[in-house]
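Peer 1: Before anything else, here's the structure in question.
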Amino acid sequence: MAKPSADYLLMHIGHPKTGTSSIQAALLKSRSALMRQSVLHPETTSRSGNNNALAAHIFGAEAYSVPRLRREGRTRQDLLEASDKAWARFIGDVSRHRPAKVVLSSEQFFRVVTPEQEQPFQKALAEVAREVEILAYLRSPVTFFLSSLQQRLKFYRPPRTPPASRLRPVLESMAKNLPGCLTLRVFDRALLSGGDVVRDFFANSLPEIDIGTLSFPKQEQNVTHSAEAMALLQENHQGQIRLARDPEKAARAIRLADLAVAGGTRPVFHPHMRQAAIDRSADDLLWLRDAQGVMFPDIDYEQIRPLSGEDPMLQATRIADICPVDATRKAEVLALAKRKAAWWMLT
């Protein structure tokens, strides 16, 4: 195997709901400025700045789920061939520019390295650089669950309870394959440099870069739906309410009505459900604390009690089971959403 052309590879493996898209957008917009400072973010990225195209080469075709392949009309062989070509272009870029550092970023990299993938995984990274760092921002299970739930409802997807242990299996496999190369940071605005994950990323991972030369994406404020809107979006998805022939238009009517009706209930767990969200993640939380020295500031570690029976999170079938919902305001939002949907049908 040819000697690697770069000194250092930073592989940002992302994790949902930790500002990964914002980091990737900054890398994309700043590609030329970074290259002038000997940092390569490869042109094999998508228009959003992620390196998803390289995932299958590193991890195999399992990098994409079967449902996703079906949605995209591709087979595993198609995926592998496309990823191998993208990897070859990427290695060509590294060989041509011979940068001091290479930065890759993709949520598709956040996955368990199976025994069958260990050798290809190590070989692929060693082909790029002499030194490798794996970086992940991690979010507390409490805020992660509610943020993930909001995101799924926003994009008209059914609510889904994440696996109880979603961090340890991935991170442990990464640490096993690249000992001493794993860097973990807590995604909490109070702990991030400047309260912003993009600035934190550059300040800590690429401190030699002149941040004034970079082009940061315009900060988008994520709209948080009220608990009432979340309940209505769920009912709309499940067909319990029908505001329009197109459920996505109905969802839009609900979101707009939620903005127009004052007094929205901020989504927060019922106390017993909050503790359930923590207890079901006990394996992740205690491993991160004991093996990696990582602790989340919103978790009382003395109160963690690993679940020993039914998982309350799996029994919660309605938004109201998870967080308080104001029934009166929910009815007001629904009434306004019905008027909006009816008006659209007439125009």
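Letters A, B, ... mark the chains of the structure tokens in the order given; residue numbers begin at 1 per chain; ligand numbers begin at 1, in order shown.
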If you run DSSP on this backbone, which residues of stretch 43-291 of chain A come out as alpha helix (DSSP H), and could you give them as JSON, numbers by chain?

Peer 2: {"A": [55, 56, 57, 58, 59, 66, 67, 68, 69, 70, 71, 72, 76, 77, 78, 79, 80, 81, 82, 83, 84, 85, 86, 87, 88, 89, 90, 91, 92, 93, 94, 95, 96, 97, 118, 119, 120, 121, 122, 123, 124, 125, 126, 141, 142, 143, 144, 145, 146, 147, 148, 149, 150, 151, 152, 153, 154, 168, 169, 170, 171, 172, 173, 174, 175, 176, 177, 197, 198, 199, 200, 201, 202, 203, 204, 205, 227, 228, 229, 230, 231, 232, 233, 234, 235, 236, 237, 247, 248, 249, 250, 251, 252, 253, 254, 255, 256, 257, 258, 259, 260, 271, 272, 273, 274, 275, 276, 277, 278, 279, 282, 283, 284, 285, 286, 287, 288, 289, 290, 291]}

Peer 1: Fewer than 3 positions away in the same chain doesn't count, so skip those; otherwise give me all residues within 6 Å of stretch 75-86 of chain A, counting only C-alpha atoms, as a compact mmCIF listing (two decimals) with C-alpha atoms, in the first residue's frame.

Peer 2:
# COMPACT_ATOMS: atom_id res chain seq x y z
CA ALA A 53 -20.56 9.13 -0.50
CA LEU A 54 -17.45 7.66 1.13
CA ALA A 56 -19.87 2.47 1.90
CA HIS A 57 -16.20 2.22 0.87
CA ALA A 61 -22.80 -1.53 1.78
CA ARG A 89 -11.32 10.64 -6.49

Peer 1: List the spatial neighbours of A:Glu332 as a ChimeraX atom specification - criterion: any atom at most 10 Å away, only C-alpha atoms, same-chain residues fewer than 2 positions off excluded.

Peer 2: /A:228,257-258,261-262,327-330,334-338

Peer 1: With N, CA and C atoms kept, could you save the residues just selected as a tab-separated table (two decimals), in the first residue's frame?

Peer 2:
chain	number	residue	atom	x	y	z
A	228	GLU	N	-48.54	20.93	22.11
A	228	GLU	CA	-49.86	20.77	21.47
A	228	GLU	C	-49.70	20.47	19.98
A	257	ALA	N	-50.51	27.25	12.40
A	257	ALA	CA	-51.48	27.57	13.44
A	257	ALA	C	-50.81	27.62	14.81
A	258	ASP	N	-49.84	26.76	15.02
A	258	ASP	CA	-49.11	26.73	16.29
A	258	ASP	C	-48.38	28.05	16.53
A	261	VAL	N	-51.14	30.87	17.53
A	261	VAL	CA	-51.87	30.78	18.80
A	261	VAL	C	-50.89	30.93	19.96
A	262	ALA	N	-51.12	31.93	20.79
A	262	ALA	CA	-50.20	32.22	21.89
A	262	ALA	C	-50.26	31.15	22.98
A	327	ALA	N	-54.82	20.78	26.73
A	327	ALA	CA	-55.91	20.31	25.88
A	327	ALA	C	-56.70	21.48	25.28
A	328	THR	N	-56.89	22.56	26.05
A	328	THR	CA	-57.64	23.72	25.55
A	328	THR	C	-56.90	24.38	24.39
A	329	ARG	N	-55.61	24.62	24.58
A	329	ARG	CA	-54.85	25.25	23.50
A	329	ARG	C	-54.73	24.31	22.29
A	330	LYS	N	-54.60	23.02	22.54
A	330	LYS	CA	-54.53	22.06	21.44
A	330	LYS	C	-55.78	22.17	20.56
A	334	LEU	N	-55.93	23.29	16.60
A	334	LEU	CA	-56.60	22.42	15.63
A	334	LEU	C	-57.66	23.19	14.86
A	335	ALA	N	-58.45	24.00	15.56
A	335	ALA	CA	-59.51	24.76	14.89
A	335	ALA	C	-58.92	25.72	13.87
A	336	LEU	N	-57.83	26.42	14.22
A	336	LEU	CA	-57.20	27.34	13.28
A	336	LEU	C	-56.57	26.58	12.12
A	337	ALA	N	-55.97	25.45	12.39
A	337	ALA	CA	-55.37	24.64	11.33
A	337	ALA	C	-56.43	24.17	10.34
A	338	LYS	N	-57.60	23.83	10.84
A	338	LYS	CA	-58.70	23.42	9.95
A	338	LYS	C	-59.10	24.56	9.03

Peer 1: Env of A:Gly19: 12 Å cut, atoms = only C-alpha atoms, seq-sep filter 5 positions within chain, self excluded. Answer as a PDB file with N, CA and C atoms, in the first residue's frame.

Peer 2:
ATOM      1  N   HIS A  12     -14.797  13.376  11.439  1.00  0.00           N
ATOM      2  CA  HIS A  12     -15.927  13.795  12.277  1.00  0.00           C
ATOM      3  C   HIS A  12     -17.086  12.854  11.975  1.00  0.00           C
ATOM      4  N   ILE A  13     -17.421  12.011  12.938  1.00  0.00           N
ATOM      5  CA  ILE A  13     -18.430  10.983  12.687  1.00  0.00           C
ATOM      6  C   ILE A  13     -19.844  11.462  13.035  1.00  0.00           C
ATOM      7  N   GLY A  14     -19.924  12.738  13.425  1.00  0.00           N
ATOM      8  CA  GLY A  14     -21.252  13.298  13.637  1.00  0.00           C
ATOM      9  C   GLY A  14     -22.035  12.551  14.698  1.00  0.00           C
ATOM     10  N   GLN A  24     -20.794  20.901   8.627  1.00  0.00           N
ATOM     11  CA  GLN A  24     -20.541  20.533   7.235  1.00  0.00           C
ATOM     12  C   GLN A  24     -20.752  21.719   6.300  1.00  0.00           C
ATOM     13  N   ALA A  25     -21.747  22.532   6.571  1.00  0.00           N
ATOM     14  CA  ALA A  25     -21.988  23.713   5.744  1.00  0.00           C
ATOM     15  C   ALA A  25     -20.810  24.681   5.832  1.00  0.00           C
ATOM     16  N   ALA A  26     -20.242  24.837   7.028  1.00  0.00           N
ATOM     17  CA  ALA A  26     -19.084  25.719   7.202  1.00  0.00           C
ATOM     18  C   ALA A  26     -17.867  25.168   6.466  1.00  0.00           C
ATOM     19  N   SER A 105     -16.466  14.480   7.173  1.00  0.00           N
ATOM     20  CA  SER A 105     -17.587  14.626   8.101  1.00  0.00           C
ATOM     21  C   SER A 105     -18.833  13.962   7.531  1.00  0.00           C
ATOM     22  N   SER A 106     -19.423  13.074   8.309  1.00  0.00           N
ATOM     23  CA  SER A 106     -20.666  12.418   7.879  1.00  0.00           C
ATOM     24  C   SER A 106     -21.314  11.703   9.054  1.00  0.00           C
ATOM     25  N   GLU A 107     -22.616  11.833   9.163  1.00  0.00           N
ATOM     26  CA  GLU A 107     -23.350  11.050  10.161  1.00  0.00           C
ATOM     27  C   GLU A 107     -23.372   9.574   9.777  1.00  0.00           C
ATOM     28  N   ALA A 136     -16.460  12.993  17.814  1.00  0.00           N
ATOM     29  CA  ALA A 136     -17.920  12.949  17.906  1.00  0.00           C
ATOM     30  C   ALA A 136     -18.395  13.923  18.970  1.00  0.00           C
ATOM     31  N   TYR A 137     -19.422  14.690  18.636  1.00  0.00           N
ATOM     32  CA  TYR A 137     -20.155  15.470  19.630  1.00  0.00           C
ATOM     33  C   TYR A 137     -21.313  14.599  20.102  1.00  0.00           C
ATOM     34  N   LEU A 138     -21.574  14.614  21.389  1.00  0.00           N
ATOM     35  CA  LEU A 138     -22.597  13.757  21.975  1.00  0.00           C
ATOM     36  C   LEU A 138     -23.611  14.594  22.741  1.00  0.00           C
ATOM     37  N   ARG A 139     -24.835  14.163  22.696  1.00  0.00           N
ATOM     38  CA  ARG A 139     -25.919  14.902  23.350  1.00  0.00           C
ATOM     39  C   ARG A 139     -26.575  14.048  24.422  1.00  0.00           C
ATOM     40  N   PHE A 144     -31.685  14.856  23.573  1.00  0.00           N
ATOM     41  CA  PHE A 144     -31.638  14.174  22.280  1.00  0.00           C
ATOM     42  C   PHE A 144     -33.006  13.614  21.908  1.00  0.00           C
ATOM     43  N   SER A 147     -35.527  16.412  20.950  1.00  0.00           N
ATOM     44  CA  SER A 147     -35.131  17.057  19.705  1.00  0.00           C
ATOM     45  C   SER A 147     -35.348  16.132  18.520  1.00  0.00           C
ATOM     46  N   VAL A 186     -19.085  17.145  24.565  1.00  0.00           N
ATOM     47  CA  VAL A 186     -20.494  17.234  24.941  1.00  0.00           C
ATOM     48  C   VAL A 186     -21.152  18.375  24.166  1.00  0.00           C
ATOM     49  N   PHE A 187     -22.261  18.061  23.524  1.00  0.00           N
ATOM     50  CA  PHE A 187     -23.031  19.084  22.811  1.00  0.00           C
ATOM     51  C   PHE A 187     -23.978  19.734  23.808  1.00  0.00           C
ATOM     52  N   ASP A 188     -23.498  20.820  24.378  1.00  0.00           N
ATOM     53  CA  ASP A 188     -24.276  21.605  25.329  1.00  0.00           C
ATOM     54  C   ASP A 188     -23.802  23.040  25.163  1.00  0.00           C
ATOM     55  N   ARG A 189     -24.710  23.956  24.835  1.00  0.00           N
ATOM     56  CA  ARG A 189     -24.300  25.309  24.476  1.00  0.00           C
ATOM     57  C   ARG A 189     -23.499  25.990  25.584  1.00  0.00           C
ATOM     58  N   LEU A 192     -19.858  24.763  24.899  1.00  0.00           N
ATOM     59  CA  LEU A 192     -19.238  24.961  23.594  1.00  0.00           C
ATOM     60  C   LEU A 192     -18.555  26.320  23.516  1.00  0.00           C
ATOM     61  N   GLY A 195     -20.590  29.229  22.678  1.00  0.00           N
ATOM     62  CA  GLY A 195     -21.959  28.715  22.693  1.00  0.00           C
ATOM     63  C   GLY A 195     -22.422  28.191  21.352  1.00  0.00           C
ATOM     64  N   ASP A 196     -21.451  27.898  20.443  1.00  0.00           N
ATOM     65  CA  ASP A 196     -21.799  27.509  19.075  1.00  0.00           C
ATOM     66  C   ASP A 196     -20.934  26.323  18.650  1.00  0.00           C
ATOM     67  N   VAL A 197     -21.556  25.282  18.102  1.00  0.00           N
ATOM     68  CA  VAL A 197     -20.814  24.068  17.784  1.00  0.00           C
ATOM     69  C   VAL A 197     -19.832  24.280  16.633  1.00  0.00           C
ATOM     70  N   VAL A 198     -20.159  25.158  15.668  1.00  0.00           N
ATOM     71  CA  VAL A 198     -19.244  25.393  14.545  1.00  0.00           C
ATOM     72  C   VAL A 198     -17.965  26.059  15.040  1.00  0.00           C
ATOM     73  N   ARG A 199     -18.114  27.091  15.858  1.00  0.00           N
ATOM     74  CA  ARG A 199     -16.930  27.762  16.402  1.00  0.00           C
ATOM     75  C   ARG A 199     -16.148  26.827  17.313  1.00  0.00           C
ATOM     76  N   ASP A 200     -16.848  25.996  18.054  1.00  0.00           N
ATOM     77  CA  ASP A 200     -16.185  25.028  18.920  1.00  0.00           C
ATOM     78  C   ASP A 200     -15.373  24.033  18.095  1.00  0.00           C
ATOM     79  N   PHE A 201     -15.941  23.593  16.979  1.00  0.00           N
ATOM     80  CA  PHE A 201     -15.274  22.629  16.100  1.00  0.00           C
ATOM     81  C   PHE A 201     -13.942  23.182  15.600  1.00  0.00           C
ATOM     82  N   PRO A 217     -21.991  29.430   7.746  1.00  0.00           N
ATOM     83  CA  PRO A 217     -23.357  29.493   7.228  1.00  0.00           C
ATOM     84  C   PRO A 217     -24.220  30.411   8.071  1.00  0.00           C
ATOM     85  N   GLN A 219     -26.859  31.432  10.474  1.00  0.00           N
ATOM     86  CA  GLN A 219     -27.465  30.657  11.552  1.00  0.00           C
ATOM     87  C   GLN A 219     -28.974  30.574  11.365  1.00  0.00           C
ATOM     88  N   GLU A 220     -29.468  29.353  11.301  1.00  0.00           N
ATOM     89  CA  GLU A 220     -30.908  29.146  11.185  1.00  0.00           C
ATOM     90  C   GLU A 220     -31.452  28.796  12.560  1.00  0.00           C
ATOM     91  N   GLN A 221     -32.486  29.511  12.938  1.00  0.00           N
ATOM     92  CA  GLN A 221     -33.117  29.223  14.217  1.00  0.00           C
ATOM     93  C   GLN A 221     -34.148  28.112  14.039  1.00  0.00           C
ATOM     94  N   ASN A 222     -33.878  26.963  14.647  1.00  0.00           N
ATOM     95  CA  ASN A 222     -34.849  25.874  14.565  1.00  0.00           C
ATOM     96  C   ASN A 222     -36.103  26.248  15.351  1.00  0.00           C
TER      97      ASN A 222
END

Peer 1: May I ask for the distance between atom CA of A:Leu171 and atom CA of A:Glu43, given in Å to one decimal place?

Peer 2: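 Result for atom CA of A:Leu171 versus atom CA of A:Glu43: 27.2 Å, one decimal.
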
Peer 1: Nearest to A:Glu131 among A:Leu178, A:Val39, A:Leu146, A:Leu9, with distances taken over only C-alpha atoms: which residue is it?

Peer 2: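 Going through A:Leu178, A:Val39, A:Leu146, A:Leu9 one by one, the smallest distance to A:Glu131 is for A:Leu9.
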
Peer 1: For a quick check of understanding, using only C-alpha atoms, which of A:Pro312, A:Leu288, A:Arg130, A:Ala250 has the smallest distance to A:His272?

Peer 2: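 For A:His272, the nearest of the given residues is A:Pro312.
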
Peer 1: What is the distance, in Å and to one decimal place, between atom CA of A:Phe296 and atom CA of A:Phe269?

Peer 2: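 Separation between atom CA of A:Phe296 and atom CA of A:Phe269: 17.1 Å.
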
Peer 1: One decimal, in Å: what's the spacing between atom CA of A:Pro297 and atom CA of A:Val142?

Peer 2: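 Separating atom CA of A:Pro297 from atom CA of A:Val142 is a distance of 11.1 Å.
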
Peer 1: DSSP on the backbone, strand (DSSP E) only: what residues of stretch 152-235 of chain A does that give? Format it as a list in words.

Peer 2: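 Taking stretch 152-235 of chain A and keeping strand (DSSP E) gives Leu182, Thr183, Leu184, Arg185 and Val186 of chain A.
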
Peer 1: With a distance cut-off of 9 Å and only C-alpha atoms, select the neighbouring residues of stretch 230-235 of chain A, excluding the residue or stretch itself and same-chain residues fewer than 2 positions from it, and output the selection as an MDAnalysis selection string.

Peer 2: chainID A and resid 149:150 153:154 156:159 225:228 237:242 250:251 254:255 267 318:320 325 330 333:334

Peer 1: Using the selection just defined, write its residues with N, CA and C atoms as a PDB file, in the first residue's frame.

Peer 2:
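Saved to part01.pdb:
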ATOM      1  N   LEU A 149     -37.522  13.696  18.349  1.00  0.00           N
ATOM      2  CA  LEU A 149     -38.965  13.568  18.174  1.00  0.00           C
ATOM      3  C   LEU A 149     -39.525  14.760  17.400  1.00  0.00           C
ATOM      4  N   GLN A 150     -39.065  15.956  17.754  1.00  0.00           N
ATOM      5  CA  GLN A 150     -39.480  17.164  17.034  1.00  0.00           C
ATOM      6  C   GLN A 150     -39.110  17.057  15.551  1.00  0.00           C
ATOM      7  N   LEU A 153     -41.350  14.583  13.568  1.00  0.00           N
ATOM      8  CA  LEU A 153     -42.684  15.118  13.337  1.00  0.00           C
ATOM      9  C   LEU A 153     -42.650  16.262  12.332  1.00  0.00           C
ATOM     10  N   LYS A 154     -41.610  17.073  12.387  1.00  0.00           N
ATOM     11  CA  LYS A 154     -41.475  18.202  11.469  1.00  0.00           C
ATOM     12  C   LYS A 154     -41.430  17.732  10.027  1.00  0.00           C
ATOM     13  N   TYR A 156     -42.658  14.964   8.888  1.00  0.00           N
ATOM     14  CA  TYR A 156     -43.735  14.019   8.653  1.00  0.00           C
ATOM     15  C   TYR A 156     -43.255  12.562   8.679  1.00  0.00           C
ATOM     16  N   ARG A 157     -42.566  12.237   9.744  1.00  0.00           N
ATOM     17  CA  ARG A 157     -42.147  10.860   9.969  1.00  0.00           C
ATOM     18  C   ARG A 157     -42.766  10.375  11.272  1.00  0.00           C
ATOM     19  N   PRO A 158     -43.035   9.102  11.385  1.00  0.00           N
ATOM     20  CA  PRO A 158     -43.650   8.610  12.627  1.00  0.00           C
ATOM     21  C   PRO A 158     -42.687   8.726  13.797  1.00  0.00           C
ATOM     22  N   PRO A 159     -43.189   9.048  14.986  1.00  0.00           N
ATOM     23  CA  PRO A 159     -42.323   9.081  16.170  1.00  0.00           C
ATOM     24  C   PRO A 159     -41.649   7.727  16.363  1.00  0.00           C
ATOM     25  N   HIS A 225     -41.643  23.300  18.030  1.00  0.00           N
ATOM     26  CA  HIS A 225     -43.099  23.190  18.089  1.00  0.00           C
ATOM     27  C   HIS A 225     -43.539  23.031  19.537  1.00  0.00           C
ATOM     28  N   SER A 226     -44.716  23.532  19.826  1.00  0.00           N
ATOM     29  CA  SER A 226     -45.267  23.337  21.160  1.00  0.00           C
ATOM     30  C   SER A 226     -45.660  21.874  21.339  1.00  0.00           C
ATOM     31  N   ALA A 227     -45.897  21.494  22.591  1.00  0.00           N
ATOM     32  CA  ALA A 227     -46.351  20.131  22.868  1.00  0.00           C
ATOM     33  C   ALA A 227     -47.705  19.877  22.206  1.00  0.00           C
ATOM     34  N   GLU A 228     -48.542  20.925  22.114  1.00  0.00           N
ATOM     35  CA  GLU A 228     -49.856  20.766  21.467  1.00  0.00           C
ATOM     36  C   GLU A 228     -49.702  20.467  19.985  1.00  0.00           C
ATOM     37  N   HIS A 237     -50.369  12.324  11.373  1.00  0.00           N
ATOM     38  CA  HIS A 237     -49.605  11.261  10.742  1.00  0.00           C
ATOM     39  C   HIS A 237     -50.330   9.918  10.866  1.00  0.00           C
ATOM     40  N   GLN A 238     -50.954   9.692  12.010  1.00  0.00           N
ATOM     41  CA  GLN A 238     -51.630   8.413  12.251  1.00  0.00           C
ATOM     42  C   GLN A 238     -53.026   8.355  11.645  1.00  0.00           C
ATOM     43  N   GLY A 239     -53.463   9.457  11.010  1.00  0.00           N
ATOM     44  CA  GLY A 239     -54.770   9.470  10.376  1.00  0.00           C
ATOM     45  C   GLY A 239     -55.930   9.691  11.325  1.00  0.00           C
ATOM     46  N   GLN A 240     -55.639  10.116  12.551  1.00  0.00           N
ATOM     47  CA  GLN A 240     -56.714  10.353  13.519  1.00  0.00           C
ATOM     48  C   GLN A 240     -57.436  11.665  13.254  1.00  0.00           C
ATOM     49  N   ILE A 241     -56.727  12.613  12.627  1.00  0.00           N
ATOM     50  CA  ILE A 241     -57.375  13.832  12.148  1.00  0.00           C
ATOM     51  C   ILE A 241     -57.042  13.973  10.673  1.00  0.00           C
ATOM     52  N   ARG A 242     -57.942  14.600   9.927  1.00  0.00           N
ATOM     53  CA  ARG A 242     -57.730  14.732   8.487  1.00  0.00           C
ATOM     54  C   ARG A 242     -58.117  16.150   8.081  1.00  0.00           C
ATOM     55  N   ALA A 250     -51.506  19.258   5.539  1.00  0.00           N
ATOM     56  CA  ALA A 250     -52.179  19.335   6.833  1.00  0.00           C
ATOM     57  C   ALA A 250     -51.166  19.623   7.936  1.00  0.00           C
ATOM     58  N   ALA A 251     -50.010  18.984   7.852  1.00  0.00           N
ATOM     59  CA  ALA A 251     -48.961  19.221   8.852  1.00  0.00           C
ATOM     60  C   ALA A 251     -48.501  20.677   8.802  1.00  0.00           C
ATOM     61  N   ILE A 254     -50.917  22.849  10.605  1.00  0.00           N
ATOM     62  CA  ILE A 254     -50.758  22.717  12.056  1.00  0.00           C
ATOM     63  C   ILE A 254     -49.580  23.555  12.535  1.00  0.00           C
ATOM     64  N   ARG A 255     -48.478  23.502  11.816  1.00  0.00           N
ATOM     65  CA  ARG A 255     -47.288  24.257  12.231  1.00  0.00           C
ATOM     66  C   ARG A 255     -47.547  25.766  12.198  1.00  0.00           C
ATOM     67  N   PRO A 267     -42.148  21.771  25.114  1.00  0.00           N
ATOM     68  CA  PRO A 267     -42.053  20.323  25.343  1.00  0.00           C
ATOM     69  C   PRO A 267     -41.010  19.983  26.404  1.00  0.00           C
ATOM     70  N   ARG A 318     -48.486   8.086  22.896  1.00  0.00           N
ATOM     71  CA  ARG A 318     -48.973   9.421  22.542  1.00  0.00           C
ATOM     72  C   ARG A 318     -48.020  10.476  23.076  1.00  0.00           C
ATOM     73  N   ILE A 319     -48.009  11.620  22.426  1.00  0.00           N
ATOM     74  CA  ILE A 319     -47.182  12.725  22.900  1.00  0.00           C
ATOM     75  C   ILE A 319     -47.548  13.079  24.333  1.00  0.00           C
ATOM     76  N   ALA A 320     -48.846  13.032  24.642  1.00  0.00           N
ATOM     77  CA  ALA A 320     -49.291  13.369  25.998  1.00  0.00           C
ATOM     78  C   ALA A 320     -48.749  12.390  27.038  1.00  0.00           C
ATOM     79  N   VAL A 325     -49.496  18.318  27.796  1.00  0.00           N
ATOM     80  CA  VAL A 325     -50.152  18.972  26.658  1.00  0.00           C
ATOM     81  C   VAL A 325     -51.366  19.725  27.178  1.00  0.00           C
ATOM     82  N   LYS A 330     -54.604  23.020  22.541  1.00  0.00           N
ATOM     83  CA  LYS A 330     -54.531  22.061  21.437  1.00  0.00           C
ATOM     84  C   LYS A 330     -55.777  22.166  20.560  1.00  0.00           C
ATOM     85  N   VAL A 333     -55.516  25.359  18.420  1.00  0.00           N
ATOM     86  CA  VAL A 333     -54.585  25.179  17.295  1.00  0.00           C
ATOM     87  C   VAL A 333     -55.233  24.334  16.207  1.00  0.00           C
ATOM     88  N   LEU A 334     -55.933  23.286  16.604  1.00  0.00           N
ATOM     89  CA  LEU A 334     -56.597  22.424  15.627  1.00  0.00           C
ATOM     90  C   LEU A 334     -57.660  23.194  14.856  1.00  0.00           C
TER      91      LEU A 334
END

Peer 1: Could you tell me which of A:Arg252, A:Leu125, A:Ser173, A:Phe59 comes closest to A:Ala341 if we count only C-alpha atoms?

Peer 2: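 When distances to A:Ala341 are compared using only C-alpha atoms, the smallest one comes from A:Arg252.
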
Peer 1: Which of these residues is nearest to A:Arg168, using only C-alpha atoms: A:Asp7, A:Asp283, A:Glu310, A:Asp300?

Peer 2: A:Asp283
